[in-house]
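Chemist: Below: one structure in structure tokens.
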Amino acid sequence: MILVYINSTNGISKASFEAVTYAKKLGDVIALSNGSLSSDDLAHIGSYGASKVLVDRGVSGDDQQQVTRMIAEVASSNGVNTVVFSHDLHGKSIAPMLSVSMKAGLVQGAISLPDAEGCIDVNVFSGKAIGKVKVNSSSKIISLLPNSLPPEETGTACAVEEVATQAGNALIKVLSTKKPEGEIPLPEAELVVSAGRGLKGPENWGMVEDLAQILGAATACSRPVADIGWRPHHEHVGQTGVAIRPNLYIAIGISGAIQHLAGVNGSKVIVVVNTDPEAPFFKAADYGVVGDAFEVVPRLNEALKKFKAS
Amino acid sequence: MKILVCISKAPDTTSKIAFTDGNSKFDENGVQFVVNPYDEWYALVRALEIKESTGGHVTIINVGQGSDDAIIRKALAIGADEAVRIDAEAKDAYYVAMQIAAYAKDNAYDLVLTGKETINYNGSQVGGMIAEGLSIPFVSLGSKLEISGTTLTVEREIVGGVQVIEVEAPAVISCAKGMAEQRIPNMRGIMAARTKPLNVIPAVDIADLTSFVSYEMPGEKSAVKIIDPENMDELVALLHSEAKVI
Ligand SMILES: Cc1cc2nc3c(=O)[nH]c(=O)nc-3n(C[C@H](O)[C@H](O)[C@H](O)COP(=O)(O)OP(=O)(O)OC[C@H]3O[C@@H](n4cnc5c(N)ncnc54)[C@H](O)[C@@H]3O)c2cc1C
Ligand SMILES: Nc1ncnc2c1ncn2[C@@H]1O[C@H](COP(=O)(O)O)[C@@H](O)[C@H]1O
């Protein structure tokens, strides 16, 4: 039996549906969640292949160790041999604890299904290579990188069952939570528009935000831009920032330093806009525009509006 | 506070990545190794700041072989009091974490700090595994840490935001940007590091749970298609019909 953990903080993310789709390709699937997602939302997980969804409403999700105990208990009482997470910040932090608790080998950041030998691909060396990982234990944990496979909605809603596990008390006390309103979280975004020092100043980001809005994309930036305070820190992508792999990454006025590429070179399609034809980013790009961002971006915005309207 | 900082050896980001032995081993030839940046800039420096303001003792720990001693000395030069190297090949995250947990259990640390991830294997695994091995709380992606008595106040990154939480020591915290600022070791630190204790201890018997069987380089990007900056309609058309991303 395969168990998929569904985190409940921001509604059910697309990445969770991807994890259920992935799990379904490995065997029979049940899902487990906690917190306050509505039963209708949870039942919808059935459409992606889960036969039922369990939910422990007594566990808030703030203490990841408590979540770990909840998952371990449900796994052992349901004959689960594989647990699948989506590799968001929850999965990333819970999966290693569960690995110790279940003595189950962990594949962190999986990007493929197991091959004939049971090996699963992960990105290593900041995306510069792919490693094939084999799990030596009988139980396995797989944390699936978002955007690694398309979610497949083929079935119908399933039953939702409330459970009360012995997960114990939360040891972590939350004092405050800040969430930027209405923005698309960067690690989950399929389309990302990013800009760097080539934009000369924070007052010039209007056209970049317009572009993001027309596309329905998230915004990102290079590190120096966040360091000098032109953009918020959570937008900084790269080796020391967030690592992303959207379907489309548009880089405007970014030189393409190796530390920047480390966080974005897993993107499926890269578009680079830069005045300098020698900018290293062009070597990593699929489409390149050698030109001044202040002319090219407004023109691109017009072209996209025309395309969207047609 | 008795603080344990976990440090790992990582190839400098500008290193050329290549593999040997039928693509089963990382080719260390000509590679410059550094202390994994998150461990050095954030975990170690924050530990030193805490020691400087409230007193305490900072031990760095590494699971690795003799070739790791150079980066351990560098971390000592930045200011750690002593170092422990568990003499073993770092087989997988579980193996490493169980070694560190075994050591930490015997030596009763108040706080264990790790980096957010290693830049070579990018696993973000070891910190959470140590915490579970010790049955103490784990806080991931800490960007600020304040201590008052035994209460730790941590700002951490969560899905789409930041959160401030409180937890009682002992705990394990993985450290990310914001925690501290990089420090460059000075001459005095480098001299002092030569005489600081680096205790090499044997590994405990643990089986690894995973192994890297082989590596491959991602498929070469086909050459970039250059689009006329006057003709953004063409770019839009290509993104739609060729790349199929919009
Ligand atoms: C250990 C380490 C870690 C790092 N981690 C990161 C990281 O995580 N993320 C990151 O981004 N960086 C990181 N860096 C910094 C990185 O090395 C680069 O310095 C940085 O990415 C450069 O940012 P940039 O491209 O915005 O600026 P620049 O390098 O200054 O490039 C600006 C670009 O804009 C172009 N340009 C100028 N005017 C225009 C115009 N009008 N229209 C279009 N293009 C224009 C220029 O040709 C140039 O290519 C790290 C560095 C180190 C040493
Ligand atoms: N061999 C090692 N020895 C000591 N600490 C390590 C080792 N490997 C990883 N760590 C610590 O665990 C953190 C996370 O590593 P990883 O799980 O590999 O991404 C690192 O930032 C280090 O602080």
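Identifiers in this document derive from the order of the structure tokens: chains are assigned A, B, ..., residues are numbered from 1 separately in each chain, and ligands are numbered from 1 in order of occurrence.
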Within 7 Å of ligand 1, counting only C-alpha atoms and all ligand atoms, which protein or nucleic acid residues do you find, written as a PDB file with all heavy atoms, in the first residue's frame?
Modeler:
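What landed in selection_25.pdb:
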ATOM      1  N   ALA A 195      14.009  39.082 -12.817  1.00  0.00           N
ATOM      2  CA  ALA A 195      14.839  40.170 -13.337  1.00  0.00           C
ATOM      3  C   ALA A 195      16.016  40.428 -12.410  1.00  0.00           C
ATOM      4  O   ALA A 195      15.992  40.073 -11.231  1.00  0.00           O
ATOM      5  CB  ALA A 195      14.005  41.434 -13.523  1.00  0.00           C
ATOM      6  N   GLY A 196      17.044  41.068 -12.965  1.00  0.00           N
ATOM      7  CA  GLY A 196      18.280  41.272 -12.224  1.00  0.00           C
ATOM      8  C   GLY A 196      18.744  42.714 -12.274  1.00  0.00           C
ATOM      9  O   GLY A 196      17.972  43.640 -12.568  1.00  0.00           O
ATOM     10  N   ARG A 197      20.026  42.884 -12.006  1.00  0.00           N
ATOM     11  CA  ARG A 197      20.599  44.213 -11.869  1.00  0.00           C
ATOM     12  C   ARG A 197      20.488  45.037 -13.153  1.00  0.00           C
ATOM     13  O   ARG A 197      20.566  46.258 -13.117  1.00  0.00           O
ATOM     14  CB  ARG A 197      22.066  44.063 -11.451  1.00  0.00           C
ATOM     15  CG  ARG A 197      22.538  45.151 -10.563  1.00  0.00           C
ATOM     16  CD  ARG A 197      23.563  44.696  -9.567  1.00  0.00           C
ATOM     17  NE  ARG A 197      24.636  43.916 -10.166  1.00  0.00           N
ATOM     18  CZ  ARG A 197      25.683  43.465  -9.483  1.00  0.00           C
ATOM     19  NH1 ARG A 197      25.802  43.740  -8.196  1.00  0.00           N
ATOM     20  NH2 ARG A 197      26.602  42.749 -10.070  1.00  0.00           N
ATOM     21  N   GLY A 198      20.295  44.349 -14.286  1.00  0.00           N
ATOM     22  CA  GLY A 198      20.142  45.058 -15.556  1.00  0.00           C
ATOM     23  C   GLY A 198      18.960  46.014 -15.561  1.00  0.00           C
ATOM     24  O   GLY A 198      18.866  46.884 -16.422  1.00  0.00           O
ATOM     25  N   LEU A 199      18.041  45.869 -14.606  1.00  0.00           N
ATOM     26  CA  LEU A 199      16.870  46.741 -14.573  1.00  0.00           C
ATOM     27  C   LEU A 199      17.127  48.094 -13.913  1.00  0.00           C
ATOM     28  O   LEU A 199      16.247  48.943 -13.860  1.00  0.00           O
ATOM     29  CB  LEU A 199      15.692  46.036 -13.894  1.00  0.00           C
ATOM     30  CG  LEU A 199      14.622  45.650 -14.903  1.00  0.00           C
ATOM     31  CD1 LEU A 199      15.175  44.686 -15.932  1.00  0.00           C
ATOM     32  CD2 LEU A 199      13.433  45.010 -14.221  1.00  0.00           C
ATOM     33  N   CYS A 221      13.935  37.042  -8.632  1.00  0.00           N
ATOM     34  CA  CYS A 221      15.016  37.990  -8.913  1.00  0.00           C
ATOM     35  C   CYS A 221      16.368  37.355  -8.628  1.00  0.00           C
ATOM     36  O   CYS A 221      16.462  36.284  -8.037  1.00  0.00           O
ATOM     37  CB  CYS A 221      14.848  39.259  -8.080  1.00  0.00           C
ATOM     38  SG  CYS A 221      15.103  39.012  -6.315  1.00  0.00           S
ATOM     39  N   SER A 222      17.427  38.030  -9.056  1.00  0.00           N
ATOM     40  CA  SER A 222      18.782  37.564  -8.762  1.00  0.00           C
ATOM     41  C   SER A 222      19.159  38.015  -7.356  1.00  0.00           C
ATOM     42  O   SER A 222      18.505  38.870  -6.761  1.00  0.00           O
ATOM     43  CB  SER A 222      19.773  38.121  -9.781  1.00  0.00           C
ATOM     44  OG  SER A 222      19.899  39.521  -9.615  1.00  0.00           O
ATOM     45  N   ARG A 223      20.215  37.443  -6.830  1.00  0.00           N
ATOM     46  CA  ARG A 223      20.584  37.723  -5.451  1.00  0.00           C
ATOM     47  C   ARG A 223      20.965  39.183  -5.166  1.00  0.00           C
ATOM     48  O   ARG A 223      20.488  39.741  -4.179  1.00  0.00           O
ATOM     49  CB  ARG A 223      21.714  36.785  -5.030  1.00  0.00           C
ATOM     50  CG  ARG A 223      22.343  37.199  -3.732  1.00  0.00           C
ATOM     51  CD  ARG A 223      23.140  36.080  -3.144  1.00  0.00           C
ATOM     52  NE  ARG A 223      24.319  36.630  -2.522  1.00  0.00           N
ATOM     53  CZ  ARG A 223      25.219  35.895  -1.873  1.00  0.00           C
ATOM     54  NH1 ARG A 223      25.065  34.602  -1.794  1.00  0.00           N
ATOM     55  NH2 ARG A 223      26.254  36.453  -1.333  1.00  0.00           N
ATOM     56  N   PRO A 224      21.801  39.821  -6.019  1.00  0.00           N
ATOM     57  CA  PRO A 224      22.179  41.211  -5.674  1.00  0.00           C
ATOM     58  C   PRO A 224      20.958  42.124  -5.553  1.00  0.00           C
ATOM     59  O   PRO A 224      20.931  43.027  -4.716  1.00  0.00           O
ATOM     60  CB  PRO A 224      23.073  41.649  -6.842  1.00  0.00           C
ATOM     61  CG  PRO A 224      23.259  40.500  -7.735  1.00  0.00           C
ATOM     62  CD  PRO A 224      22.510  39.335  -7.221  1.00  0.00           C
ATOM     63  N   VAL A 225      19.939  41.836  -6.361  1.00  0.00           N
ATOM     64  CA  VAL A 225      18.740  42.655  -6.353  1.00  0.00           C
ATOM     65  C   VAL A 225      17.997  42.525  -5.010  1.00  0.00           C
ATOM     66  O   VAL A 225      17.471  43.500  -4.474  1.00  0.00           O
ATOM     67  CB  VAL A 225      17.872  42.214  -7.561  1.00  0.00           C
ATOM     68  CG1 VAL A 225      16.442  42.629  -7.383  1.00  0.00           C
ATOM     69  CG2 VAL A 225      18.455  42.761  -8.851  1.00  0.00           C
ATOM     70  N   HIS A 236      14.427  35.748  -4.198  1.00  0.00           N
ATOM     71  CA  HIS A 236      15.800  35.451  -4.635  1.00  0.00           C
ATOM     72  C   HIS A 236      15.946  33.969  -5.000  1.00  0.00           C
ATOM     73  O   HIS A 236      15.736  33.098  -4.183  1.00  0.00           O
ATOM     74  CB  HIS A 236      16.744  35.920  -3.511  1.00  0.00           C
ATOM     75  CG  HIS A 236      18.051  35.212  -3.422  1.00  0.00           C
ATOM     76  ND1 HIS A 236      18.790  35.170  -2.267  1.00  0.00           N
ATOM     77  CD2 HIS A 236      18.765  34.512  -4.323  1.00  0.00           C
ATOM     78  CE1 HIS A 236      19.888  34.485  -2.464  1.00  0.00           C
ATOM     79  NE2 HIS A 236      19.904  34.065  -3.690  1.00  0.00           N
ATOM     80  N   VAL A 237      16.306  33.716  -6.258  1.00  0.00           N
ATOM     81  CA  VAL A 237      16.518  32.332  -6.693  1.00  0.00           C
ATOM     82  C   VAL A 237      18.002  32.086  -6.945  1.00  0.00           C
ATOM     83  O   VAL A 237      18.756  33.003  -7.237  1.00  0.00           O
ATOM     84  CB  VAL A 237      15.720  31.981  -7.972  1.00  0.00           C
ATOM     85  CG1 VAL A 237      14.233  31.950  -7.689  1.00  0.00           C
ATOM     86  CG2 VAL A 237      16.022  32.940  -9.115  1.00  0.00           C
ATOM     87  N   GLY A 238      18.404  30.835  -6.812  1.00  0.00           N
ATOM     88  CA  GLY A 238      19.798  30.483  -7.068  1.00  0.00           C
ATOM     89  C   GLY A 238      20.339  29.565  -5.999  1.00  0.00           C
ATOM     90  O   GLY A 238      19.591  29.045  -5.173  1.00  0.00           O
ATOM     91  N   GLN A 239      21.626  29.431  -6.016  1.00  0.00           N
ATOM     92  CA  GLN A 239      22.295  28.509  -5.104  1.00  0.00           C
ATOM     93  C   GLN A 239      21.986  28.826  -3.646  1.00  0.00           C
ATOM     94  O   GLN A 239      21.754  27.946  -2.841  1.00  0.00           O
ATOM     95  CB  GLN A 239      23.795  28.597  -5.335  1.00  0.00           C
ATOM     96  CG  GLN A 239      24.596  27.645  -4.496  1.00  0.00           C
ATOM     97  CD  GLN A 239      26.000  28.170  -4.293  1.00  0.00           C
ATOM     98  OE1 GLN A 239      26.619  28.670  -5.212  1.00  0.00           O
ATOM     99  NE2 GLN A 239      26.501  28.043  -3.094  1.00  0.00           N
ATOM    100  N   THR A 240      22.000  30.104  -3.298  1.00  0.00           N
ATOM    101  CA  THR A 240      21.727  30.464  -1.907  1.00  0.00           C
ATOM    102  C   THR A 240      20.280  30.905  -1.703  1.00  0.00           C
ATOM    103  O   THR A 240      19.896  31.250  -0.600  1.00  0.00           O
ATOM    104  CB  THR A 240      22.676  31.598  -1.447  1.00  0.00           C
ATOM    105  OG1 THR A 240      22.763  32.575  -2.475  1.00  0.00           O
ATOM    106  CG2 THR A 240      24.049  31.055  -1.151  1.00  0.00           C
ATOM    107  N   GLY A 241      19.488  30.914  -2.753  1.00  0.00           N
ATOM    108  CA  GLY A 241      18.083  31.278  -2.619  1.00  0.00           C
ATOM    109  C   GLY A 241      17.197  30.073  -2.848  1.00  0.00           C
ATOM    110  O   GLY A 241      17.536  28.958  -2.502  1.00  0.00           O
ATOM    111  N   ILE A 252      15.338  38.457 -17.196  1.00  0.00           N
ATOM    112  CA  ILE A 252      15.504  39.774 -17.812  1.00  0.00           C
ATOM    113  C   ILE A 252      16.626  40.537 -17.110  1.00  0.00           C
ATOM    114  O   ILE A 252      16.565  40.770 -15.898  1.00  0.00           O
ATOM    115  CB  ILE A 252      14.184  40.567 -17.705  1.00  0.00           C
ATOM    116  CG1 ILE A 252      13.052  39.765 -18.355  1.00  0.00           C
ATOM    117  CG2 ILE A 252      14.319  41.947 -18.330  1.00  0.00           C
ATOM    118  CD1 ILE A 252      11.668  40.203 -17.923  1.00  0.00           C
ATOM    119  N   GLY A 253      17.653  40.914 -17.850  1.00  0.00           N
ATOM    120  CA  GLY A 253      18.749  41.681 -17.252  1.00  0.00           C
ATOM    121  C   GLY A 253      19.471  40.928 -16.154  1.00  0.00           C
ATOM    122  O   GLY A 253      19.886  41.500 -15.156  1.00  0.00           O
ATOM    123  N   ILE A 254      19.615  39.612 -16.349  1.00  0.00           N
ATOM    124  CA  ILE A 254      20.384  38.773 -15.410  1.00  0.00           C
ATOM    125  C   ILE A 254      21.533  38.162 -16.206  1.00  0.00           C
ATOM    126  O   ILE A 254      21.316  37.635 -17.301  1.00  0.00           O
ATOM    127  CB  ILE A 254      19.505  37.649 -14.808  1.00  0.00           C
ATOM    128  CG1 ILE A 254      18.298  38.247 -14.077  1.00  0.00           C
ATOM    129  CG2 ILE A 254      20.321  36.768 -13.866  1.00  0.00           C
ATOM    130  CD1 ILE A 254      17.330  37.202 -13.520  1.00  0.00           C
ATOM    131  N   SER A 255      22.753  38.233 -15.663  1.00  0.00           N
ATOM    132  CA  SER A 255      23.906  37.800 -16.454  1.00  0.00           C
ATOM    133  C   SER A 255      23.987  36.283 -16.608  1.00  0.00           C
ATOM    134  O   SER A 255      24.517  35.785 -17.582  1.00  0.00           O
ATOM    135  CB  SER A 255      25.197  38.339 -15.829  1.00  0.00           C
ATOM    136  OG  SER A 255      25.299  37.918 -14.488  1.00  0.00           O
ATOM    137  N   GLY A 256      23.462  35.528 -15.604  1.00  0.00           N
ATOM    138  CA  GLY A 256      23.530  34.080 -15.697  1.00  0.00           C
ATOM    139  C   GLY A 256      24.765  33.504 -15.030  1.00  0.00           C
ATOM    140  O   GLY A 256      25.355  32.541 -15.518  1.00  0.00           O
ATOM    141  N   ALA A 257      25.152  34.095 -13.883  1.00  0.00           N
ATOM    142  CA  ALA A 257      26.272  33.558 -13.104  1.00  0.00           C
ATOM    143  C   ALA A 257      25.936  32.139 -12.668  1.00  0.00           C
ATOM    144  O   ALA A 257      24.761  31.798 -12.482  1.00  0.00           O
ATOM    145  CB  ALA A 257      26.514  34.431 -11.868  1.00  0.00           C
ATOM    146  N   ILE A 258      26.986  31.340 -12.489  1.00  0.00           N
ATOM    147  CA  ILE A 258      26.776  29.921 -12.191  1.00  0.00           C
ATOM    148  C   ILE A 258      25.921  29.720 -10.933  1.00  0.00           C
ATOM    149  O   ILE A 258      25.095  28.818 -10.859  1.00  0.00           O
ATOM    150  CB  ILE A 258      28.137  29.199 -12.101  1.00  0.00           C
ATOM    151  CG1 ILE A 258      27.942  27.702 -12.028  1.00  0.00           C
ATOM    152  CG2 ILE A 258      28.957  29.676 -10.913  1.00  0.00           C
ATOM    153  CD1 ILE A 258      29.065  26.949 -12.656  1.00  0.00           C
ATOM    154  N   GLN A 259      26.084  30.627  -9.940  1.00  0.00           N
ATOM    155  CA  GLN A 259      25.295  30.475  -8.712  1.00  0.00           C
ATOM    156  C   GLN A 259      23.825  30.791  -8.948  1.00  0.00           C
ATOM    157  O   GLN A 259      22.959  30.285  -8.246  1.00  0.00           O
ATOM    158  CB  GLN A 259      25.826  31.385  -7.598  1.00  0.00           C
ATOM    159  CG  GLN A 259      27.237  31.094  -7.159  1.00  0.00           C
ATOM    160  CD  GLN A 259      28.271  31.857  -7.959  1.00  0.00           C
ATOM    161  OE1 GLN A 259      27.933  32.592  -8.886  1.00  0.00           O
ATOM    162  NE2 GLN A 259      29.534  31.683  -7.624  1.00  0.00           N
ATOM    163  N   HIS A 260      23.541  31.629  -9.917  1.00  0.00           N
ATOM    164  CA  HIS A 260      22.143  31.895 -10.269  1.00  0.00           C
ATOM    165  C   HIS A 260      21.580  30.683 -11.017  1.00  0.00           C
ATOM    166  O   HIS A 260      20.501  30.173 -10.678  1.00  0.00           O
ATOM    167  CB  HIS A 260      22.035  33.164 -11.122  1.00  0.00           C
ATOM    168  CG  HIS A 260      20.614  33.535 -11.438  1.00  0.00           C
ATOM    169  ND1 HIS A 260      19.852  34.311 -10.603  1.00  0.00           N
ATOM    170  CD2 HIS A 260      19.806  33.200 -12.470  1.00  0.00           C
ATOM    171  CE1 HIS A 260      18.635  34.443 -11.110  1.00  0.00           C
ATOM    172  NE2 HIS A 260      18.587  33.778 -12.254  1.00  0.00           N
ATOM    173  N   GLY A 263      20.054  27.517  -9.373  1.00  0.00           N
ATOM    174  CA  GLY A 263      18.690  27.457  -8.851  1.00  0.00           C
ATOM    175  C   GLY A 263      17.620  27.398  -9.923  1.00  0.00           C
ATOM    176  O   GLY A 263      16.448  27.203  -9.610  1.00  0.00           O
ATOM    177  N   VAL A 273      16.526  37.714 -21.818  1.00  0.00           N
ATOM    178  CA  VAL A 273      16.549  39.039 -22.437  1.00  0.00           C
ATOM    179  C   VAL A 273      17.742  39.785 -21.848  1.00  0.00           C
ATOM    180  O   VAL A 273      17.795  40.015 -20.638  1.00  0.00           O
ATOM    181  CB  VAL A 273      15.258  39.826 -22.139  1.00  0.00           C
ATOM    182  CG1 VAL A 273      15.317  41.216 -22.786  1.00  0.00           C
ATOM    183  CG2 VAL A 273      14.026  39.060 -22.601  1.00  0.00           C
ATOM    184  N   ASN A 274      18.710  40.153 -22.701  1.00  0.00           N
ATOM    185  CA  ASN A 274      19.922  40.792 -22.206  1.00  0.00           C
ATOM    186  C   ASN A 274      20.544  41.626 -23.317  1.00  0.00           C
ATOM    187  O   ASN A 274      20.556  41.199 -24.470  1.00  0.00           O
ATOM    188  CB  ASN A 274      20.900  39.708 -21.715  1.00  0.00           C
ATOM    189  CG  ASN A 274      21.952  40.263 -20.774  1.00  0.00           C
ATOM    190  OD1 ASN A 274      22.677  41.187 -21.122  1.00  0.00           O
ATOM    191  ND2 ASN A 274      22.040  39.697 -19.583  1.00  0.00           N
ATOM    192  N   THR A 275      21.075  42.796 -22.958  1.00  0.00           N
ATOM    193  CA  THR A 275      21.712  43.647 -23.969  1.00  0.00           C
ATOM    194  C   THR A 275      23.032  43.070 -24.463  1.00  0.00           C
ATOM    195  O   THR A 275      23.484  43.407 -25.552  1.00  0.00           O
ATOM    196  CB  THR A 275      22.037  45.048 -23.388  1.00  0.00           C
ATOM    197  OG1 THR A 275      22.502  44.880 -22.052  1.00  0.00           O
ATOM    198  CG2 THR A 275      20.816  45.941 -23.396  1.00  0.00           C
ATOM    199  N   ASP A 276      23.649  42.236 -23.643  1.00  0.00           N
ATOM    200  CA  ASP A 276      24.995  41.752 -23.951  1.00  0.00           C
ATOM    201  C   ASP A 276      24.928  40.372 -24.600  1.00  0.00           C
ATOM    202  O   ASP A 276      24.603  39.387 -23.938  1.00  0.00           O
ATOM    203  CB  ASP A 276      25.790  41.687 -22.635  1.00  0.00           C
ATOM    204  CG  ASP A 276      27.162  41.090 -22.826  1.00  0.00           C
ATOM    205  OD1 ASP A 276      27.559  40.862 -23.989  1.00  0.00           O
ATOM    206  OD2 ASP A 276      27.840  40.841 -21.798  1.00  0.00           O
ATOM    207  N   ALA A 279      26.478  37.504 -22.700  1.00  0.00           N
ATOM    208  CA  ALA A 279      26.040  37.132 -21.337  1.00  0.00           C
ATOM    209  C   ALA A 279      25.977  35.606 -21.219  1.00  0.00           C
ATOM    210  O   ALA A 279      25.420  34.938 -22.093  1.00  0.00           O
ATOM    211  CB  ALA A 279      24.681  37.749 -21.039  1.00  0.00           C
ATOM    212  N   GLY A 291      18.761  42.471 -26.541  1.00  0.00           N
ATOM    213  CA  GLY A 291      18.137  43.783 -26.652  1.00  0.00           C
ATOM    214  C   GLY A 291      17.930  44.418 -25.297  1.00  0.00           C
ATOM    215  O   GLY A 291      18.153  43.781 -24.254  1.00  0.00           O
ATOM    216  N   ASP A 292      17.493  45.676 -25.348  1.00  0.00           N
ATOM    217  CA  ASP A 292      17.298  46.458 -24.140  1.00  0.00           C
ATOM    218  C   ASP A 292      15.951  46.097 -23.500  1.00  0.00           C
ATOM    219  O   ASP A 292      14.901  46.238 -24.133  1.00  0.00           O
ATOM    220  CB  ASP A 292      17.322  47.944 -24.538  1.00  0.00           C
ATOM    221  CG  ASP A 292      17.239  48.859 -23.332  1.00  0.00           C
ATOM    222  OD1 ASP A 292      16.849  48.385 -22.236  1.00  0.00           O
ATOM    223  OD2 ASP A 292      17.584  50.046 -23.482  1.00  0.00           O
ATOM    224  N   ALA A 293      16.001  45.662 -22.255  1.00  0.00           N
ATOM    225  CA  ALA A 293      14.783  45.239 -21.558  1.00  0.00           C
ATOM    226  C   ALA A 293      13.713  46.327 -21.585  1.00  0.00           C
ATOM    227  O   ALA A 293      12.521  46.018 -21.670  1.00  0.00           O
ATOM    228  CB  ALA A 293      15.114  44.876 -20.116  1.00  0.00           C
ATOM    229  N   PHE A 294      14.152  47.580 -21.542  1.00  0.00           N
ATOM    230  CA  PHE A 294      13.178  48.673 -21.468  1.00  0.00           C
ATOM    231  C   PHE A 294      12.380  48.826 -22.762  1.00  0.00           C
ATOM    232  O   PHE A 294      11.329  49.433 -22.786  1.00  0.00           O
ATOM    233  CB  PHE A 294      13.882  49.987 -21.093  1.00  0.00           C
ATOM    234  CG  PHE A 294      14.456  49.919 -19.696  1.00  0.00           C
ATOM    235  CD1 PHE A 294      15.785  49.572 -19.491  1.00  0.00           C
ATOM    236  CD2 PHE A 294      13.643  50.141 -18.589  1.00  0.00           C
ATOM    237  CE1 PHE A 294      16.308  49.471 -18.208  1.00  0.00           C
ATOM    238  CE2 PHE A 294      14.156  50.046 -17.304  1.00  0.00           C
ATOM    239  CZ  PHE A 294      15.501  49.700 -17.108  1.00  0.00           C
TER     240      PHE A 294
END
Chemist: Given a cut-off of 6 Å, what residues near ligand 2 show up using only C-alpha atoms and all ligand atoms, put as a compact mmCIF listing (two decimals) with C-alpha atoms, in the first residue's frame?
Modeler:
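Printed below is out01.txt as written:
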# COMPACT_ATOMS: atom_id res chain seq x y z
CA CYS B 6 27.43 19.89 11.69
CA ILE B 7 29.74 20.70 8.81
CA SER B 8 30.11 18.95 5.54
CA TYR B 38 25.13 27.05 4.66
CA ASP B 39 27.05 25.26 7.40
CA ILE B 61 31.30 17.72 13.90
CA ASN B 62 31.95 16.07 10.56
CA VAL B 63 31.42 12.56 9.32
CA GLY B 64 34.20 11.98 6.85
CA ALA B 90 29.64 9.56 4.53
CA ALA B 93 22.21 10.90 4.92
CA VAL B 96 25.67 10.37 8.66
CA THR B 114 23.02 22.13 10.49
CA GLY B 115 23.01 23.90 7.15
CA LYS B 116 19.78 23.92 5.16
CA GLU B 117 21.27 21.49 2.67
CA THR B 118 24.56 20.37 1.17
CA TYR B 121 23.62 16.29 -2.79
CA ASN B 122 21.00 18.92 -1.94
CA GLY B 123 19.19 16.49 0.29
CA SER B 124 18.06 18.59 3.27
CA GLN B 125 17.92 15.31 5.12
CA VAL B 126 20.55 15.14 7.82
CA GLY B 127 19.08 17.72 10.26
Chemist: For the structure I just gave you, how does DSSP split stretch 32-219 of chain B - specifically, which residues are alpha helix (DSSP H)? Reply as a ChimeraX atom specification.
Modeler: /B:37,45-54,69-78,93-107,126-134,187-195
Chemist: Name all residues at most 9 Å from stretch 149-161 of chain B (count only C-alpha atoms; drop same-chain ones fewer than 4 positions away) and give them as a count of residues only.
Modeler: 34
Chemist: Which one is closest to chain A: B:Tyr109, B:Tyr103, B:Tyr215, B:Phe33? Count only C-alpha atoms.
Modeler: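 Of B:Tyr109, B:Tyr103, B:Tyr215, B:Phe33, the one nearest chain A, counting only C-alpha atoms, is B:Tyr215.
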Chemist: Could you list, as a PyMOL selection string, every residue of chain A that has an atom within 6 Å of an atom of chain B, counting only C-alpha atoms?
Modeler: chain A and resi 89+96-97+100+105+108+124-125+129-137+172-179+185+285-289+291+300+303
Chemist: Give the answer as one residue: which of B:Ala180, B:Ile50, B:Val112, B:Val35 has the shortest atom-to-atom distance to B:Leu76, using only C-alpha atoms?
Modeler: B:Val35
Chemist: Find the distance between atom CA of B:Gly66 and atom CA of B:Asp21 and write it in Å to one decimal.
Modeler: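 Calculated distance between atom CA of B:Gly66 and atom CA of B:Asp21 is 21.7 Å.
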